[in-house]
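> Got a structure for you, input_20.pdb, holding PDB, C-alpha atoms, pLDDT in the B column.
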```
ATOM      1  CA  MET A   1    -123.414-122.181 126.148  1.00 47.00           C
ATOM      2  CA  LEU A   2    -127.100-121.615 126.714  1.00 42.00           C
ATOM      3  CA  LYS A   3    -126.468-121.207 130.434  1.00 46.00           C
ATOM      4  CA  ARG A   4    -123.878-118.452 129.800  1.00 48.00           C
ATOM      5  CA  LEU A   5    -126.243-116.606 127.490  1.00 43.00           C
ATOM      6  CA  SER A   6    -129.015-116.769 130.062  1.00 48.00           C
ATOM      7  CA  THR A   7    -126.840-115.040 132.644  1.00 53.00           C
ATOM      8  CA  LEU A   8    -126.031-112.045 130.417  1.00 51.00           C
ATOM      9  CA  PRO A   9    -129.336-110.214 131.039  1.00 53.00           C
ATOM     10  CA  ALA A  10    -128.955-110.776 134.773  1.00 53.00           C
ATOM     11  CA  ARG A  11    -125.445-109.329 134.765  1.00 55.00           C
ATOM     12  CA  ALA A  12    -126.551-106.350 132.709  1.00 48.00           C
ATOM     13  CA  ALA A  13    -129.394-105.672 135.124  1.00 51.00           C
ATOM     14  CA  LEU A  14    -127.016-105.885 138.107  1.00 48.00           C
ATOM     15  CA  LEU A  15    -124.591-103.461 136.450  1.00 48.00           C
ATOM     16  CA  PHE A  16    -127.446-101.029 135.803  1.00 48.00           C
ATOM     17  CA  VAL A  17    -128.526-101.155 139.458  1.00 43.00           C
ATOM     18  CA  VAL A  18    -124.952-100.512 140.675  1.00 43.00           C
ATOM     19  CA  LEU A  19    -124.646 -97.544 138.287  1.00 45.00           C
ATOM     20  CA  VAL A  20    -127.903 -96.038 139.542  1.00 44.00           C
ATOM     21  CA  VAL A  21    -126.778 -96.383 143.162  1.00 41.00           C
ATOM     22  CA  VAL A  22    -123.401 -94.704 142.453  1.00 41.00           C
ATOM     23  CA  LEU A  23    -125.035 -91.810 140.619  1.00 44.00           C
ATOM     24  CA  SER A  24    -127.538 -91.388 143.433  1.00 44.00           C
ATOM     25  CA  LEU A  25    -124.767 -91.229 146.030  1.00 40.00           C
ATOM     26  CA  ARG A  26    -122.878 -88.626 144.001  1.00 47.00           C
ATOM     27  CA  ALA A  27    -126.018 -86.530 143.628  1.00 44.00           C
ATOM     28  CA  ALA A  28    -126.631 -86.762 147.358  1.00 43.00           C
ATOM     29  CA  ASP A  29    -123.112 -85.451 148.080  1.00 55.00           C
ATOM     30  CA  ARG A  30    -123.634 -82.289 146.004  1.00 58.00           C
ATOM     31  CA  HIS A  31    -124.452 -79.113 147.929  1.00 66.00           C
ATOM     32  CA  THR A  32    -125.401 -75.685 146.652  1.00 68.00           C
ATOM     33  CA  LEU A  33    -123.992 -72.532 148.271  1.00 66.00           C
ATOM     34  CA  ILE A  34    -126.398 -69.580 148.357  1.00 68.00           C
ATOM     35  CA  VAL A  35    -124.886 -66.117 148.987  1.00 66.00           C
ATOM     36  CA  ASN A  36    -127.297 -63.276 149.783  1.00 60.00           C
ATOM     37  CA  GLY A  37    -130.134 -65.253 148.239  1.00 56.00           C
ATOM     38  CA  GLN A  38    -128.237 -66.007 145.015  1.00 65.00           C
ATOM     39  CA  SER A  39    -127.350 -69.579 144.043  1.00 66.00           C
ATOM     40  CA  THR A  40    -123.663 -70.157 143.127  1.00 74.00           C
ATOM     41  CA  ASP A  41    -121.526 -72.893 141.613  1.00 73.00           C
ATOM     42  CA  VAL A  42    -119.129 -72.889 144.574  1.00 70.00           C
ATOM     43  CA  PRO A  43    -118.344 -76.496 145.587  1.00 75.00           C
ATOM     44  CA  VAL A  44    -119.211 -77.313 149.193  1.00 67.00           C
ATOM     45  CA  ILE A  45    -118.169 -80.407 151.099  1.00 68.00           C
ATOM     46  CA  PHE A  46    -118.871 -81.510 154.655  1.00 63.00           C
ATOM     47  CA  VAL A  47    -116.059 -82.723 156.893  1.00 59.00           C
ATOM     48  CA  GLY A  48    -116.962 -83.802 160.405  1.00 56.00           C
ATOM     49  CA  GLY A  49    -120.364 -82.203 160.018  1.00 60.00           C
ATOM     50  CA  HIS A  50    -118.919 -78.775 159.089  1.00 61.00           C
ATOM     51  CA  PRO A  51    -119.258 -77.224 155.586  1.00 71.00           C
ATOM     52  CA  TYR A  52    -116.160 -76.118 153.652  1.00 64.00           C
ATOM     53  CA  ALA A  53    -116.178 -74.134 150.398  1.00 69.00           C
ATOM     54  CA  GLY A  54    -113.501 -73.773 147.701  1.00 73.00           C
ATOM     55  CA  LEU A  55    -111.755 -70.419 148.314  1.00 69.00           C
ATOM     56  CA  GLU A  56    -110.926 -69.678 144.662  1.00 74.00           C
ATOM     57  CA  ALA A  57    -114.456 -70.467 143.495  1.00 73.00           C
ATOM     58  CA  LEU A  58    -115.900 -68.371 146.337  1.00 73.00           C
ATOM     59  CA  ALA A  59    -113.720 -65.389 145.399  1.00 70.00           C
ATOM     60  CA  LYS A  60    -114.817 -65.729 141.754  1.00 76.00           C
ATOM     61  CA  ALA A  61    -118.492 -65.877 142.757  1.00 73.00           C
ATOM     62  CA  LEU A  62    -118.083 -62.690 144.814  1.00 74.00           C
ATOM     63  CA  ASN A  63    -116.046 -60.902 142.103  1.00 73.00           C
ATOM     64  CA  GLY A  64    -113.024 -60.902 144.407  1.00 71.00           C
ATOM     65  CA  SER A  65    -109.434 -62.014 144.082  1.00 69.00           C
ATOM     66  CA  ILE A  66    -106.883 -64.130 145.968  1.00 66.00           C
ATOM     67  CA  SER A  67    -103.200 -63.409 146.495  1.00 62.00           C
ATOM     68  CA  SER A  68    -100.638 -65.211 148.612  1.00 56.00           C
ATOM     69  CA  SER A  69     -97.241 -64.755 150.161  1.00 47.00           C
ATOM     70  CA  GLY A  70     -95.627 -67.523 152.131  1.00 47.00           C
ATOM     71  CA  ALA A  71     -98.048 -68.691 154.806  1.00 45.00           C
ATOM     72  CA  VAL A  72    -100.405 -65.774 154.164  1.00 48.00           C
ATOM     73  CA  VAL A  73    -103.404 -65.993 151.815  1.00 53.00           C
ATOM     74  CA  ALA A  74    -105.297 -62.724 151.255  1.00 60.00           C
ATOM     75  CA  LEU A  75    -108.908 -62.697 150.029  1.00 61.00           C
ATOM     76  CA  SER A  76    -109.947 -59.300 148.604  1.00 63.00           C
ATOM     77  CA  LEU A  77    -113.605 -58.529 147.977  1.00 63.00           C
ATOM     78  CA  PRO A  78    -114.992 -55.474 146.140  1.00 64.00           C
ATOM     79  CA  GLY A  79    -116.412 -52.834 148.428  1.00 55.00           C
ATOM     80  CA  SER A  80    -115.029 -54.495 151.573  1.00 47.00           C
ATOM     81  CA  SER A  81    -113.841 -52.282 154.418  1.00 43.00           C
ATOM     82  CA  PRO A  82    -112.421 -54.446 157.222  1.00 44.00           C
ATOM     83  CA  ASN A  83    -111.577 -51.481 159.422  1.00 44.00           C
ATOM     84  CA  HIS A  84    -115.200 -50.366 159.696  1.00 42.00           C
ATOM     85  CA  ALA A  85    -116.959 -52.711 162.075  1.00 39.00           C
ATOM     86  CA  PRO A  86    -120.716 -52.296 162.695  1.00 39.00           C
ATOM     87  CA  SER A  87    -121.446 -49.790 165.437  1.00 39.00           C
ATOM     88  CA  PRO A  88    -122.918 -51.232 168.673  1.00 41.00           C
ATOM     89  CA  THR A  89    -126.545 -50.427 169.366  1.00 38.00           C
ATOM     90  CA  THR A  90    -125.541 -48.525 172.509  1.00 39.00           C
ATOM     91  CA  ALA A  91    -123.116 -46.189 170.729  1.00 39.00           C
ATOM     92  CA  PRO A  92    -123.922 -42.468 171.197  1.00 40.00           C
ATOM     93  CA  THR A  93    -125.071 -40.432 168.210  1.00 38.00           C
ATOM     94  CA  VAL A  94    -122.326 -38.277 166.696  1.00 38.00           C
ATOM     95  CA  ALA A  95    -123.133 -35.222 164.600  1.00 39.00           C
ATOM     96  CA  ALA A  96    -121.926 -35.389 160.999  1.00 42.00           C
ATOM     97  CA  PRO A  97    -119.116 -32.949 160.075  1.00 42.00           C
ATOM     98  CA  ALA A  98    -119.878 -29.845 158.090  1.00 45.00           C
ATOM     99  CA  PRO A  99    -119.607 -30.217 154.296  1.00 44.00           C
ATOM    100  CA  SER A 100    -116.448 -28.073 154.261  1.00 43.00           C
ATOM    101  CA  GLN A 101    -114.677 -30.364 156.738  1.00 47.00           C
ATOM    102  CA  ALA A 102    -113.017 -33.645 155.802  1.00 48.00           C
ATOM    103  CA  ALA A 103    -113.938 -36.496 158.122  1.00 41.00           C
ATOM    104  CA  PRO A 104    -110.837 -38.330 159.346  1.00 44.00           C
ATOM    105  CA  SER A 105    -110.700 -41.894 158.090  1.00 55.00           C
ATOM    106  CA  ASN A 106    -108.286 -44.777 157.932  1.00 57.00           C
ATOM    107  CA  PRO A 107    -109.505 -47.345 155.426  1.00 72.00           C
ATOM    108  CA  GLY A 108    -106.523 -49.636 156.035  1.00 88.00           C
ATOM    109  CA  PHE A 109    -104.685 -51.113 153.074  1.00 92.00           C
ATOM    110  CA  SER A 110    -106.081 -50.470 149.638  1.00 94.00           C
ATOM    111  CA  ARG A 111    -106.669 -53.500 147.460  1.00 93.00           C
ATOM    112  CA  ASP A 112    -104.123 -52.489 144.806  1.00 94.00           C
ATOM    113  CA  PHE A 113    -101.383 -51.765 147.342  1.00 94.00           C
ATOM    114  CA  LEU A 114    -101.958 -54.993 149.253  1.00 93.00           C
ATOM    115  CA  SER A 115    -101.639 -57.004 146.053  1.00 94.00           C
ATOM    116  CA  ALA A 116     -98.487 -55.118 144.977  1.00 94.00           C
ATOM    117  CA  ALA A 117     -96.925 -55.359 148.445  1.00 94.00           C
ATOM    118  CA  ILE A 118     -97.507 -59.119 148.641  1.00 94.00           C
ATOM    119  CA  GLU A 119     -95.923 -59.523 145.215  1.00 94.00           C
ATOM    120  CA  ASP A 120     -92.884 -57.506 146.257  1.00 95.00           C
ATOM    121  CA  ALA A 121     -92.562 -59.435 149.532  1.00 93.00           C
ATOM    122  CA  SER A 122     -92.630 -62.656 147.521  1.00 94.00           C
ATOM    123  CA  THR A 123     -89.830 -61.369 145.278  1.00 95.00           C
ATOM    124  CA  LEU A 124     -87.742 -60.345 148.286  1.00 95.00           C
ATOM    125  CA  ARG A 125     -88.206 -63.818 149.753  1.00 94.00           C
ATOM    126  CA  GLU A 126     -87.004 -65.382 146.478  1.00 95.00           C
ATOM    127  CA  TRP A 127     -83.945 -63.113 146.536  1.00 95.00           C
ATOM    128  CA  HIS A 128     -83.205 -64.110 150.128  1.00 96.00           C
ATOM    129  CA  THR A 129     -83.664 -67.804 149.327  1.00 95.00           C
ATOM    130  CA  ALA A 130     -81.274 -67.564 146.364  1.00 93.00           C
ATOM    131  CA  LEU A 131     -78.606 -65.956 148.565  1.00 95.00           C
ATOM    132  CA  GLN A 132     -79.123 -68.499 151.340  1.00 94.00           C
ATOM    133  CA  THR A 133     -78.976 -71.449 148.947  1.00 95.00           C
ATOM    134  CA  ALA A 134     -75.746 -70.192 147.373  1.00 93.00           C
ATOM    135  CA  ILE A 135     -74.098 -69.794 150.782  1.00 94.00           C
ATOM    136  CA  GLN A 136     -75.244 -73.165 152.087  1.00 94.00           C
ATOM    137  CA  SER A 137     -74.212 -74.968 148.884  1.00 92.00           C
ATOM    138  CA  GLY A 138     -70.864 -73.201 148.501  1.00 91.00           C
ATOM    139  CA  ILE A 139     -71.849 -71.683 145.142  1.00 91.00           C
ATOM    140  CA  PRO A 140     -69.482 -68.795 144.237  1.00 90.00           C
ATOM    141  CA  LEU A 141     -71.352 -65.562 144.864  1.00 91.00           C
ATOM    142  CA  SER A 142     -71.301 -62.769 142.309  1.00 90.00           C
ATOM    143  CA  GLU A 143     -73.350 -59.717 141.472  1.00 88.00           C
ATOM    144  CA  GLY A 144     -74.434 -61.309 138.210  1.00 91.00           C
ATOM    145  CA  LEU A 145     -75.797 -64.365 140.012  1.00 91.00           C
ATOM    146  CA  LEU A 146     -78.185 -62.368 142.217  1.00 93.00           C
ATOM    147  CA  GLN A 147     -78.791 -59.284 140.031  1.00 94.00           C
ATOM    148  CA  PRO A 148     -82.024 -60.633 138.448  1.00 94.00           C
ATOM    149  CA  TYR A 149     -83.574 -60.994 141.916  1.00 94.00           C
ATOM    150  CA  ARG A 150     -82.537 -57.473 142.911  1.00 95.00           C
ATOM    151  CA  ALA A 151     -83.900 -56.042 139.662  1.00 95.00           C
ATOM    152  CA  GLN A 152     -87.284 -57.729 140.062  1.00 95.00           C
ATOM    153  CA  ALA A 153     -87.537 -56.637 143.707  1.00 95.00           C
ATOM    154  CA  THR A 154     -86.740 -53.053 142.634  1.00 96.00           C
ATOM    155  CA  THR A 155     -89.486 -53.106 139.995  1.00 95.00           C
ATOM    156  CA  ASN A 156     -92.094 -54.542 142.354  1.00 95.00           C
ATOM    157  CA  LEU A 157     -91.171 -52.031 145.068  1.00 95.00           C
ATOM    158  CA  ARG A 158     -91.831 -49.183 142.633  1.00 96.00           C
ATOM    159  CA  LEU A 159     -95.211 -50.681 141.751  1.00 96.00           C
ATOM    160  CA  ALA A 160     -96.083 -50.844 145.452  1.00 95.00           C
ATOM    161  CA  SER A 161     -95.055 -47.195 145.825  1.00 95.00           C
ATOM    162  CA  VAL A 162     -97.368 -46.144 142.988  1.00 95.00           C
ATOM    163  CA  ALA A 163    -100.254 -48.164 144.436  1.00 95.00           C
ATOM    164  CA  ALA A 164     -99.945 -46.629 147.927  1.00 94.00           C
ATOM    165  CA  THR A 165    -102.925 -44.300 148.424  1.00 94.00           C
ATOM    166  CA  THR A 166    -104.022 -44.603 152.064  1.00 93.00           C
ATOM    167  CA  THR A 167    -102.145 -43.704 155.242  1.00 93.00           C
ATOM    168  CA  ASP A 168    -101.676 -47.393 156.067  1.00 93.00           C
ATOM    169  CA  ASP A 169    -100.395 -48.006 152.541  1.00 94.00           C
ATOM    170  CA  ARG A 170     -97.710 -45.335 152.852  1.00 94.00           C
ATOM    171  CA  ASN A 171     -96.662 -46.410 156.336  1.00 94.00           C
ATOM    172  CA  ALA A 172     -96.365 -50.052 155.286  1.00 94.00           C
ATOM    173  CA  TYR A 173     -94.437 -49.046 152.171  1.00 95.00           C
ATOM    174  CA  GLN A 174     -91.745 -47.458 154.338  1.00 95.00           C
ATOM    175  CA  LEU A 175     -91.261 -50.758 156.177  1.00 94.00           C
ATOM    176  CA  LEU A 176     -91.272 -52.688 152.897  1.00 95.00           C
ATOM    177  CA  ASN A 177     -88.595 -50.322 151.625  1.00 95.00           C
ATOM    178  CA  ASN A 178     -86.552 -50.995 154.776  1.00 94.00           C
ATOM    179  CA  VAL A 179     -86.618 -54.727 154.030  1.00 94.00           C
ATOM    180  CA  TYR A 180     -85.493 -54.027 150.463  1.00 95.00           C
ATOM    181  CA  LEU A 181     -82.576 -51.857 151.651  1.00 95.00           C
ATOM    182  CA  ASN A 182     -81.502 -54.393 154.279  1.00 95.00           C
ATOM    183  CA  MET A 183     -81.685 -57.200 151.740  1.00 95.00           C
ATOM    184  CA  GLY A 184     -79.421 -55.174 149.469  1.00 95.00           C
ATOM    185  CA  LYS A 185     -76.926 -54.695 152.312  1.00 95.00           C
ATOM    186  CA  LEU A 186     -76.972 -58.418 153.107  1.00 95.00           C
ATOM    187  CA  ASN A 187     -76.500 -59.264 149.444  1.00 96.00           C
ATOM    188  CA  ASP A 188     -73.560 -56.873 149.002  1.00 95.00           C
ATOM    189  CA  LYS A 189     -71.936 -57.990 152.261  1.00 95.00           C
ATOM    190  CA  TYR A 190     -71.510 -61.606 151.182  1.00 95.00           C
ATOM    191  CA  ILE A 191     -70.583 -60.746 147.604  1.00 95.00           C
ATOM    192  CA  SER A 192     -67.791 -58.534 148.981  1.00 95.00           C
ATOM    193  CA  MET A 193     -66.651 -61.333 151.275  1.00 94.00           C
ATOM    194  CA  ARG A 194     -66.484 -63.678 148.300  1.00 93.00           C
ATOM    195  CA  ALA A 195     -64.580 -61.118 146.216  1.00 93.00           C
ATOM    196  CA  SER A 196     -61.971 -60.727 148.979  1.00 94.00           C
ATOM    197  CA  LEU A 197     -61.693 -64.536 149.288  1.00 92.00           C
ATOM    198  CA  THR A 198     -63.040 -64.421 152.866  1.00 93.00           C
ATOM    199  CA  TYR A 199     -64.295 -67.786 154.073  1.00 93.00           C
ATOM    200  CA  ILE A 200     -68.109 -67.972 154.276  1.00 93.00           C
ATOM    201  CA  ALA A 201     -69.466 -70.736 156.493  1.00 94.00           C
ATOM    202  CA  PRO A 202     -72.506 -72.629 155.175  1.00 93.00           C
ATOM    203  CA  ASP A 203     -74.499 -71.536 158.253  1.00 93.00           C
ATOM    204  CA  ALA A 204     -73.252 -67.943 158.174  1.00 93.00           C
ATOM    205  CA  LEU A 205     -76.736 -66.467 157.849  1.00 94.00           C
ATOM    206  CA  GLN A 206     -77.973 -68.175 161.003  1.00 91.00           C
ATOM    207  CA  ASN A 207     -75.744 -65.969 163.145  1.00 91.00           C
ATOM    208  CA  ASP A 208     -76.088 -62.836 161.033  1.00 94.00           C
ATOM    209  CA  GLU A 209     -77.962 -60.089 162.910  1.00 95.00           C
ATOM    210  CA  LEU A 210     -78.987 -58.299 159.698  1.00 94.00           C
ATOM    211  CA  ASN A 211     -80.413 -61.540 158.326  1.00 94.00           C
ATOM    212  CA  GLN A 212     -82.494 -62.057 161.474  1.00 94.00           C
ATOM    213  CA  ARG A 213     -83.849 -58.511 161.186  1.00 94.00           C
ATOM    214  CA  ILE A 214     -84.964 -59.225 157.626  1.00 94.00           C
ATOM    215  CA  ILE A 215     -86.698 -62.443 158.685  1.00 94.00           C
ATOM    216  CA  ASN A 216     -88.459 -60.808 161.659  1.00 93.00           C
ATOM    217  CA  CYS A 217     -89.619 -57.886 159.532  1.00 92.00           C
ATOM    218  CA  GLY A 218     -90.973 -60.288 156.909  1.00 91.00           C
ATOM    219  CA  ARG A 219     -93.077 -62.010 159.565  1.00 92.00           C
ATOM    220  CA  SER A 220     -94.376 -58.656 160.787  1.00 92.00           C
ATOM    221  CA  LEU A 221     -95.374 -57.600 157.268  1.00 92.00           C
ATOM    222  CA  GLY A 222     -97.090 -60.952 156.752  1.00 90.00           C
ATOM    223  CA  ALA A 223     -99.197 -60.398 159.875  1.00 91.00           C
ATOM    224  CA  MET A 224    -100.161 -56.922 158.619  1.00 89.00           C
ATOM    225  CA  ALA A 225    -101.226 -58.340 155.257  1.00 90.00           C
ATOM    226  CA  ALA A 226    -103.414 -60.878 157.019  1.00 91.00           C
ATOM    227  CA  SER A 227    -105.131 -58.219 159.165  1.00 89.00           C
ATOM    228  CA  ARG A 228    -105.160 -55.588 156.360  1.00 88.00           C
ATOM    229  CA  GLN A 229    -104.090 -52.987 158.937  1.00 87.00           C
ATOM    230  CA  PHE A 230    -100.809 -51.237 159.623  1.00 91.00           C
ATOM    231  CA  SER A 231     -99.146 -52.177 162.893  1.00 87.00           C
ATOM    232  CA  ASP A 232     -95.518 -51.268 163.556  1.00 87.00           C
ATOM    233  CA  ASP A 233     -93.885 -53.565 166.138  1.00 85.00           C
ATOM    234  CA  GLY A 234     -90.437 -52.115 165.553  1.00 86.00           C
ATOM    235  CA  SER A 235     -88.964 -55.193 163.881  1.00 86.00           C
ATOM    236  CA  CYS A 236     -88.562 -53.432 160.521  1.00 89.00           C
ATOM    237  CA  HIS A 237     -86.399 -50.574 161.816  1.00 85.00           C
TER     238      HIS A 237
END
```
Taking this structure as input, can you express it in the form of structure tokens?

Amino acid sequence: MLKRLSTLPARAALLFVVLVVVLSLRAADRHTLIVNGQSTDVPVIFVGGHPYAGLEALAKALNGSISSSGAVVALSLPGSSPNHAPSPTTAPTVAAPAPSQAAPSNPGFSRDFLSAAIEDASTLREWHTALQTAIQSGIPLSEGLLQPYRAQATTNLRLASVAATTTDDRNAYQLLNNVYLNMGKLNDKYISMRASLTYIAPDALQNDELNQRIINCGRSLGAMAASRQFSDDGSCH
């Protein structure tokens, strides 16, 4: 009994040492990210000798926002202008336009439109997935089954239209509208087939040309959202 009591202080001391070591290691793993001379609370970890920061925390520290659509994640920062790269030191000097003249500019996608367009693209993808799942699973198609997806896509398309302010915004909206119209045609096509008791194969969409056009256009719009610039490759027409 006396021997057991004598070992208690030793065990307590060992536990204290282990706790100090663990806390020291955790403190050593903590890194502070400094942006433009200002310390932040953004977590930073090192993997393979390279630093990585949490994207959501970084956006919050910079008063920005994050939106996503499929494989695309868009980081928007206040006052950012991705289309205006720094001029090279060898660039010739250009005279400023007269006050009465408007200097041509193309600021790319506005922040509000990009957010609204990504939201609408996400809704269109959900509509497409619902149609595809119903066909593959043999679920009886009806207008009532898919109407909520169409209604939400219609609402989000209108919001994107209101948010379009730049030339790139308006051009991209036209392509987004094309996807919406084609999705409506695809939707109505298979509902009509079901109403007329026409057989619909589970893999019908794989060989549907209109379906492939919708998919290709969605990829093109995703690439535009990532670059924040309008680029028409013809897949949305």
> Ranking A:Pro43, A:Pro148, A:Gly138, A:Gly234 by minimum distance to Leu221 (chain A) and counting all atoms listed in the file, which one comes first?
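For Leu221 (chain A), the nearest of the candidates is A:Gly234.
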> Rank A:Val42, A:Ala59, A:Leu210, A:Met193 by their smallest atom-to-atom distance to Ser235 (chain A), using only C-alpha atoms, and report the top residue only.
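Of all the options, A:Leu210 lies closest to Ser235 (chain A).
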> Kindly give the distance, in Å, that separates CA of Glu56 (chain A) and CA of Ala226 (chain A), rounded to a single decimal.
16.9 Å
> If you measure from CA of Ala160 (chain A) to CA of Ala61 (chain A), what distance in Å do you get, rounded to one decimal?
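Interatomic distance, CA of Ala160 (chain A) to CA of Ala61 (chain A): 27.1 Å.
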> Under the PyMOL selection byres ((chain A and resi 175) around 12), which residues of this model are included? Write them out as a JSON list (two decimals) with C-alpha atoms, in the coordinates of the input.

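Final output, saved to part_3.json:
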```json
[["chain", "number", "residue", "atom", "x", "y", "z"],
["A", 117, "ALA", "CA", -96.92, -55.36, 148.44],
["A", 121, "ALA", "CA", -92.56, -59.44, 149.53],
["A", 157, "LEU", "CA", -91.17, -52.03, 145.07],
["A", 160, "ALA", "CA", -96.08, -50.84, 145.45],
["A", 161, "SER", "CA", -95.06, -47.20, 145.82],
["A", 168, "ASP", "CA", -101.68, -47.39, 156.07],
["A", 169, "ASP", "CA", -100.40, -48.01, 152.54],
["A", 170, "ARG", "CA", -97.71, -45.34, 152.85],
["A", 171, "ASN", "CA", -96.66, -46.41, 156.34],
["A", 172, "ALA", "CA", -96.36, -50.05, 155.29],
["A", 173, "TYR", "CA", -94.44, -49.05, 152.17],
["A", 174, "GLN", "CA", -91.74, -47.46, 154.34],
["A", 176, "LEU", "CA", -91.27, -52.69, 152.90],
["A", 177, "ASN", "CA", -88.60, -50.32, 151.62],
["A", 178, "ASN", "CA", -86.55, -51.00, 154.78],
["A", 179, "VAL", "CA", -86.62, -54.73, 154.03],
["A", 180, "TYR", "CA", -85.49, -54.03, 150.46],
["A", 181, "LEU", "CA", -82.58, -51.86, 151.65],
["A", 182, "ASN", "CA", -81.50, -54.39, 154.28],
["A", 213, "ARG", "CA", -83.85, -58.51, 161.19],
["A", 214, "ILE", "CA", -84.96, -59.22, 157.63],
["A", 216, "ASN", "CA", -88.46, -60.81, 161.66],
["A", 217, "CYS", "CA", -89.62, -57.89, 159.53],
["A", 218, "GLY", "CA", -90.97, -60.29, 156.91],
["A", 219, "ARG", "CA", -93.08, -62.01, 159.56],
["A", 220, "SER", "CA", -94.38, -58.66, 160.79],
["A", 221, "LEU", "CA", -95.37, -57.60, 157.27],
["A", 222, "GLY", "CA", -97.09, -60.95, 156.75],
["A", 224, "MET", "CA", -100.16, -56.92, 158.62],
["A", 230, "PHE", "CA", -100.81, -51.24, 159.62],
["A", 231, "SER", "CA", -99.15, -52.18, 162.89],
["A", 232, "ASP", "CA", -95.52, -51.27, 163.56],
["A", 233, "ASP", "CA", -93.88, -53.56, 166.14],
["A", 234, "GLY", "CA", -90.44, -52.12, 165.55],
["A", 235, "SER", "CA", -88.96, -55.19, 163.88],
["A", 236, "CYS", "CA", -88.56, -53.43, 160.52],
["A", 237, "HIS", "CA", -86.40, -50.57, 161.82]]
```
> Residues picked by the PyMOL selection byres ((chain A and resi 149) around 8) here, as a list of chain:residue names?
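This file, filtered by the PyMOL selection byres ((chain A and resi 149) around 8), leaves A:Thr123, A:Leu124, A:Glu126, A:Trp127, A:Leu146, A:Gln147, A:Pro148, A:Arg150, A:Ala151, A:Gln152, A:Ala153.
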> Rounded to one decimal, what separation in Å do you get between CA of Tyr199 (chain A) and CA of Ser142 (chain A)?
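Rounded to one decimal, the two atoms are 14.6 Å apart.
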> Out of A:Asp188, A:Asp112, A:Asp203, A:Glu119, which residue has the shortest atom-to-atom distance to Ser137 (chain A) when counting all atoms listed in the file?
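So, comparing all the options, the nearest one is A:Asp203.
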> Running the PyMOL selection byres ((chain A and resi 166) around 8) on this model by hand, what would come out? Give it as an MDAnalysis selection string.
chainID A and resid 106:110 164:165 167:170
> Please produce an output containing C-alpha atoms for each residue in the selection, written as a JSON list (two decimals), in the coordinates of the input.

```json
[["chain", "number", "residue", "atom", "x", "y", "z"],
["A", 106, "ASN", "CA", -108.29, -44.78, 157.93],
["A", 107, "PRO", "CA", -109.50, -47.34, 155.43],
["A", 108, "GLY", "CA", -106.52, -49.64, 156.04],
["A", 109, "PHE", "CA", -104.68, -51.11, 153.07],
["A", 110, "SER", "CA", -106.08, -50.47, 149.64],
["A", 164, "ALA", "CA", -99.94, -46.63, 147.93],
["A", 165, "THR", "CA", -102.92, -44.30, 148.42],
["A", 167, "THR", "CA", -102.14, -43.70, 155.24],
["A", 168, "ASP", "CA", -101.68, -47.39, 156.07],
["A", 169, "ASP", "CA", -100.40, -48.01, 152.54],
["A", 170, "ARG", "CA", -97.71, -45.34, 152.85]]
```
> Which residue, A:Ala223, A:Ile215, A:Ile191, A:Ala163, has the smallest gap to Leu145 (chain A) when you use all atoms listed in the file?
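Using all atoms listed in the file, Leu145 (chain A) sits closest to A:Ile191.
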> Can you pull out the residues contacting Ala201 (chain A)? Cut-off 9 Å, using all atoms listed in the file, and skip same-chain residues under 4 positions away; I want them as a list in words.
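My list of contacting residues is Ile135, Gln136, Gly138 and Leu205 of chain A.
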> Considering only C-alpha atoms, can you say which of A:Leu114, A:Gln206, A:Asn63, A:Pro51 comes closest to Gln229 (chain A)?
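The answer is A:Leu114, which sits nearest to Gln229 (chain A).
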> Kindly indicate which residue among A:Leu159, A:Pro140, A:Glu209, A:Leu131 lies nearest to Ala195 (chain A), using all atoms listed in the file for the distances.
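With all atoms listed in the file as the atom set, the closest residue is A:Pro140.
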> Please complete region 147-155 of chain A with N, CA and C atoms and give it back as a PDB file, in the frame of the given file.

```pdb
ATOM      1  N   GLN A 147     -78.254 -60.520 140.601  1.00 94.00           N
ATOM      2  CA  GLN A 147     -78.791 -59.284 140.031  1.00 94.00           C
ATOM      3  C   GLN A 147     -80.235 -59.415 139.541  1.00 94.00           C
ATOM      4  N   PRO A 148     -80.628 -60.530 138.898  1.00 94.00           N
ATOM      5  CA  PRO A 148     -82.024 -60.633 138.448  1.00 94.00           C
ATOM      6  C   PRO A 148     -83.026 -60.538 139.598  1.00 94.00           C
ATOM      7  N   TYR A 149     -82.680 -61.074 140.761  1.00 94.00           N
ATOM      8  CA  TYR A 149     -83.574 -60.994 141.916  1.00 94.00           C
ATOM      9  C   TYR A 149     -83.662 -59.565 142.433  1.00 94.00           C
ATOM     10  N   ARG A 150     -82.533 -58.869 142.473  1.00 95.00           N
ATOM     11  CA  ARG A 150     -82.537 -57.473 142.911  1.00 95.00           C
ATOM     12  C   ARG A 150     -83.357 -56.611 141.958  1.00 95.00           C
ATOM     13  N   ALA A 151     -83.182 -56.845 140.658  1.00 95.00           N
ATOM     14  CA  ALA A 151     -83.900 -56.042 139.662  1.00 95.00           C
ATOM     15  C   ALA A 151     -85.411 -56.225 139.774  1.00 95.00           C
ATOM     16  N   GLN A 152     -85.854 -57.477 139.953  1.00 95.00           N
ATOM     17  CA  GLN A 152     -87.284 -57.729 140.062  1.00 95.00           C
ATOM     18  C   GLN A 152     -87.856 -57.131 141.344  1.00 95.00           C
ATOM     19  N   ALA A 153     -87.093 -57.227 142.443  1.00 95.00           N
ATOM     20  CA  ALA A 153     -87.537 -56.637 143.707  1.00 95.00           C
ATOM     21  C   ALA A 153     -87.640 -55.118 143.590  1.00 95.00           C
ATOM     22  N   THR A 154     -86.709 -54.508 142.840  1.00 96.00           N
ATOM     23  CA  THR A 154     -86.740 -53.053 142.634  1.00 96.00           C
ATOM     24  C   THR A 154     -87.984 -52.649 141.851  1.00 96.00           C
ATOM     25  N   THR A 155     -88.297 -53.397 140.807  1.00 95.00           N
ATOM     26  CA  THR A 155     -89.486 -53.106 139.995  1.00 95.00           C
ATOM     27  C   THR A 155     -90.759 -53.234 140.808  1.00 95.00           C
TER      28      THR A 155
END
```
